[in-house]
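To keep things clear, I will list the structure first and then write my remarks on it.
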Amino acid sequence: LGDALGCGGYLAALRRTEAAGLSAADAIDPTRLEALAGEGRLAEAIIAVGSLIPLPRLVLDADATWRFTHGSTGPAPDGSPEGRVAVHGPDGLLGIGHVASGALQPDKVLPPGGEA
């Protein structure tokens with residue numbers, strides 16, 4: 001940036017305080033994480049990846065879940081938004097798909113139990 005302005009410059013420090021809607025103020029420090037792990041409560045600190053995906057959420061029933069996880073295109077649930085969607089089943093995030101003309105096509109499918 002300094003070169004572009006013709007004045008030079010340098011960076012002594014940089015601290016990211018927010019990324020993807022997550023704030024540093026809400027972070028858990030490593031000491032607290034170790035304490036939670038020692039108490040067998042580490043899961044309390046984990047945010048499910050499905051809640052972090054900035055796409056419309058589409059929830060499938062068990063039959064549609066089976067089709068999606070096996071890579072098959074199928075009918076999208078009524079009222080589904082067109083375009084890319086985060087696809088969830090009864091047990092959590094299944095992957096990313098896209099809806100076009102009332103059909104849901106899998107793009108990325110997670111392995112079973114892939115969401116934390």
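The chains in the structure tokens are called A, B, ... from first to last as shown; in each chain the residues are counted from 1, and the ligands are counted from 1 in the order shown.
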
Chain A: which residues are strand (DSSP E) by DSSP, as a PDB file with C-alpha atoms, in the first residue's frame?
```
ATOM      1  CA  GLU A  18     -13.970 -10.634  13.052  1.00  0.00           C
ATOM      2  CA  ALA A  19     -14.207 -13.172  10.251  1.00  0.00           C
ATOM      3  CA  LEU A  22     -17.362 -14.807  14.190  1.00  0.00           C
ATOM      4  CA  SER A  23     -15.988 -12.240  16.629  1.00  0.00           C
ATOM      5  CA  ARG A  57     -30.662 -23.829   4.534  1.00  0.00           C
ATOM      6  CA  LEU A  58     -32.600 -26.688   2.962  1.00  0.00           C
ATOM      7  CA  VAL A  59     -33.797 -29.528   5.222  1.00  0.00           C
ATOM      8  CA  GLY A  74     -34.272 -35.428  -6.851  1.00  0.00           C
ATOM      9  CA  PRO A  75     -37.182 -33.097  -6.359  1.00  0.00           C
ATOM     10  CA  GLY A  83     -29.439 -21.604  -6.474  1.00  0.00           C
ATOM     11  CA  ARG A  84     -26.846 -22.923  -4.036  1.00  0.00           C
ATOM     12  CA  VAL A  85     -28.077 -24.261  -0.709  1.00  0.00           C
ATOM     13  CA  ALA A  86     -26.660 -25.822   2.453  1.00  0.00           C
ATOM     14  CA  VAL A  87     -28.407 -29.190   2.600  1.00  0.00           C
ATOM     15  CA  HIS A  88     -29.302 -30.681   5.980  1.00  0.00           C
ATOM     16  CA  GLY A  89     -30.902 -33.991   6.900  1.00  0.00           C
ATOM     17  CA  GLY A  92     -27.199 -32.443  10.443  1.00  0.00           C
ATOM     18  CA  LEU A  93     -25.308 -31.077   7.462  1.00  0.00           C
ATOM     19  CA  LEU A  94     -25.219 -33.330   4.396  1.00  0.00           C
ATOM     20  CA  GLY A  95     -23.375 -31.034   1.994  1.00  0.00           C
ATOM     21  CA  ILE A  96     -23.897 -28.313  -0.599  1.00  0.00           C
ATOM     22  CA  GLY A  97     -26.299 -28.597  -3.487  1.00  0.00           C
ATOM     23  CA  HIS A  98     -28.099 -26.425  -5.965  1.00  0.00           C
ATOM     24  CA  VAL A  99     -31.758 -26.108  -6.815  1.00  0.00           C
ATOM     25  CA  ALA A 100     -32.851 -25.421 -10.383  1.00  0.00           C
ATOM     26  CA  ALA A 103     -34.746 -30.226  -8.698  1.00  0.00           C
ATOM     27  CA  LEU A 104     -32.004 -30.592  -6.077  1.00  0.00           C
ATOM     28  CA  GLN A 105     -28.584 -31.644  -7.395  1.00  0.00           C
ATOM     29  CA  PRO A 106     -25.778 -32.544  -4.955  1.00  0.00           C
ATOM     30  CA  ASP A 107     -22.546 -30.573  -5.522  1.00  0.00           C
ATOM     31  CA  LYS A 108     -20.529 -31.599  -2.438  1.00  0.00           C
ATOM     32  CA  VAL A 109     -21.624 -34.443  -0.165  1.00  0.00           C
TER      33      VAL A 109
END
```

Could you please write out, as a PyMOL selection string, every residue of range 1-105 of chain A that DSSP assigns to helix (DSSP H, G or I)?
-> chain A and resi 2-5+24-26+30-38+42-45+49-52+62-69

Residues at most 10 Å from range 26-33 of chain A, counting only C-alpha atoms, excluding those fewer than 2 positions away in the same chain, as a PyMOL selection string?
-> chain A and resi 17-18+22-24+35-39+41-46

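With distances restricted to only C-alpha atoms, A:Gly102 is the closest residue to Pro77 in chain A from A:Asp3, A:Gly102, A:Pro56, A:Thr65.
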
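The gap separating CA of Pro90 in chain A from CA of Ala20 in chain A is 25.5 Å, in Å to one decimal.
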
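When only C-alpha atoms are used to compute distances to Gly21 in chain A, the closest of the residues A:Gly2, A:Asp61, A:Leu110, A:Leu52 turns out to be A:Leu52.
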